[in-house]
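**Student:** Pasting a structure here, questions to come.
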Amino acid sequence: MDTTATHWLMKSEPNKYAFQQLQKDGRTNWDGVRNNQAALYLKAMKVGQLAFFYHSNIELAVVGIARISREAFIDPTDPAGRFVAVEVEPVAPLPTPVTLAQMKADPALAGMTMFRQFRLSVTPIEDAEWTHICGLGGYKG
């Protein structure tokens, strides 16, 4: 399990919390993660690291980029206090969303953790994958 990553992919159902809502809010707690492996990834995140914001279930696409603005803290939605959350803030929408179908069809992305651990809401992204997806989405930041 890679907990030394510097880039991440974070999934959210757009009907529950969309990237546009993050832009409107300016920041949010990334909470409600109840998978132990995903929680380890949250604990590995550092302030300033970037994450793809992926719309799951409906759109199935990377639609934006967020920045980690606060490292792991006890998730306020977890009454047992076992799980953590991080705070994220918006950086920019991708000019062109990058769909799951595009990523799966691209040999340069065949090894993505997301494809091996598809049910996780948070996964690491390798530097080369980050650069490639940014290129596909027209993001120059």
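Each chain in the structure tokens gets a letter, A, B and so on, in the order shown; residues start at 1 in every chain, and ligands are counted from 1 in the order they appear.
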Skipping near chain neighbours, those fewer than 2 positions away, what residues fall within 7 Å of Arg67 of chain A using only C-alpha atoms, listed as a ChimeraX atom specification?
**Tutor:** /A:48-51,65,69,88-91
**Student:** Determine which residues of chain A DSSP labels as strand (DSSP E or B) from the backbone of this structure, then write them out as a PyMOL selection string.
**Tutor:** chain A and resi 7-12+28-30+50-55+61-74+84-99+122-125
**Student:** Would you please work out which residue, of A:Gln102, A:Gln117, A:Thr96, A:Gln20, is nearest to Gly137 of chain A when using only C-alpha atoms?
**Tutor:**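 Result for the nearest residue to Gly137 of chain A: A:Thr96.
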**Student:** Could you pull the residues within 8 Å of segment 53-61 of chain A, counting only C-alpha atoms, minus those fewer than 4 positions along the same chain, as number ranges by chain?
**Tutor:** A: 9-14, 18-19, 65-66, 97-100
**Student:** As a list in words, please: all residues of segment 13-59 of chain A that backbone DSSP puts in helix (DSSP H, G or I).
**Tutor:**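 The helix (DSSP H, G or I) subset of segment 13-59 of chain A is Phe19, Gln20, Gln21, Leu22, Gln23, Lys24, Asp25, Asn36, Gln37, Ala38, Ala39, Leu40, Tyr41, Leu42, Lys43 and Ala44 of chain A.
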**Student:** Filtering to N, CA and C atoms, could you give me those residues as a PDB file, in the first residue's frame?
**Tutor:**
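Wrote it out as selection-v8.pdb, contents follow:
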```
ATOM      1  N   PHE A  19     -17.970  18.772  -7.278  1.00  0.00           N
ATOM      2  CA  PHE A  19     -16.834  19.699  -7.307  1.00  0.00           C
ATOM      3  C   PHE A  19     -17.319  21.149  -7.312  1.00  0.00           C
ATOM      4  N   GLN A  20     -18.411  21.405  -8.003  1.00  0.00           N
ATOM      5  CA  GLN A  20     -18.954  22.765  -8.048  1.00  0.00           C
ATOM      6  C   GLN A  20     -19.334  23.239  -6.639  1.00  0.00           C
ATOM      7  N   GLN A  21     -19.790  22.326  -5.794  1.00  0.00           N
ATOM      8  CA  GLN A  21     -20.125  22.685  -4.417  1.00  0.00           C
ATOM      9  C   GLN A  21     -18.865  23.021  -3.628  1.00  0.00           C
ATOM     10  N   LEU A  22     -17.793  22.271  -3.874  1.00  0.00           N
ATOM     11  CA  LEU A  22     -16.525  22.575  -3.222  1.00  0.00           C
ATOM     12  C   LEU A  22     -16.052  23.966  -3.626  1.00  0.00           C
ATOM     13  N   GLN A  23     -16.201  24.297  -4.895  1.00  0.00           N
ATOM     14  CA  GLN A  23     -15.813  25.629  -5.358  1.00  0.00           C
ATOM     15  C   GLN A  23     -16.638  26.703  -4.642  1.00  0.00           C
ATOM     16  N   LYS A  24     -17.919  26.460  -4.497  1.00  0.00           N
ATOM     17  CA  LYS A  24     -18.800  27.412  -3.824  1.00  0.00           C
ATOM     18  C   LYS A  24     -18.448  27.537  -2.343  1.00  0.00           C
ATOM     19  N   ASP A  25     -18.192  26.390  -1.689  1.00  0.00           N
ATOM     20  CA  ASP A  25     -17.895  26.384  -0.256  1.00  0.00           C
ATOM     21  C   ASP A  25     -16.497  26.927   0.062  1.00  0.00           C
ATOM     22  N   ASN A  36     -10.789   1.028   6.242  1.00  0.00           N
ATOM     23  CA  ASN A  36      -9.485   1.157   6.904  1.00  0.00           C
ATOM     24  C   ASN A  36      -8.364   1.528   5.942  1.00  0.00           C
ATOM     25  N   GLN A  37      -8.351   0.931   4.767  1.00  0.00           N
ATOM     26  CA  GLN A  37      -7.288   1.230   3.808  1.00  0.00           C
ATOM     27  C   GLN A  37      -7.391   2.672   3.311  1.00  0.00           C
ATOM     28  N   ALA A  38      -8.606   3.114   2.992  1.00  0.00           N
ATOM     29  CA  ALA A  38      -8.802   4.493   2.556  1.00  0.00           C
ATOM     30  C   ALA A  38      -8.420   5.463   3.682  1.00  0.00           C
ATOM     31  N   ALA A  39      -8.721   5.083   4.930  1.00  0.00           N
ATOM     32  CA  ALA A  39      -8.358   5.929   6.068  1.00  0.00           C
ATOM     33  C   ALA A  39      -6.838   6.058   6.191  1.00  0.00           C
ATOM     34  N   LEU A  40      -6.111   4.995   5.890  1.00  0.00           N
ATOM     35  CA  LEU A  40      -4.644   5.076   5.900  1.00  0.00           C
ATOM     36  C   LEU A  40      -4.149   6.063   4.842  1.00  0.00           C
ATOM     37  N   TYR A  41      -4.803   6.069   3.694  1.00  0.00           N
ATOM     38  CA  TYR A  41      -4.438   7.043   2.662  1.00  0.00           C
ATOM     39  C   TYR A  41      -4.722   8.466   3.150  1.00  0.00           C
ATOM     40  N   LEU A  42      -5.859   8.680   3.810  1.00  0.00           N
ATOM     41  CA  LEU A  42      -6.160  10.009   4.349  1.00  0.00           C
ATOM     42  C   LEU A  42      -5.082  10.429   5.346  1.00  0.00           C
ATOM     43  N   LYS A  43      -4.653   9.507   6.197  1.00  0.00           N
ATOM     44  CA  LYS A  43      -3.626   9.808   7.193  1.00  0.00           C
ATOM     45  C   LYS A  43      -2.284  10.155   6.545  1.00  0.00           C
ATOM     46  N   ALA A  44      -2.048   9.667   5.328  1.00  0.00           N
ATOM     47  CA  ALA A  44      -0.779   9.923   4.639  1.00  0.00           C
ATOM     48  C   ALA A  44      -0.762  11.266   3.907  1.00  0.00           C
TER      49      ALA A  44
END
```
**Student:** Between A:Ala92, A:Gly138, A:Ala110, A:Val63, which is the closest to Glu126 of chain A once you count only C-alpha atoms?
**Tutor:**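 Under the stated criterion, the closest residue is A:Ala110.
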**Student:** Between atom CA of Val122 of chain A and atom CA of His7 of chain A, what distance in Å does the model show, to one decimal?
**Tutor:**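 A separation of 10.7 Å between them.
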**Student:** Of the residues A:Val33, A:Cys134, A:Ala101, A:Ile68, which is the one nearest to Arg82 of chain A, using only C-alpha atoms?
**Tutor:**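 Using only C-alpha atoms, Arg82 of chain A sits closest to A:Val33.
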**Student:** Quick one, how far is atom CA of Ile125 of chain A from atom CA of Lys46 of chain A?
**Tutor:** 14.0 Å
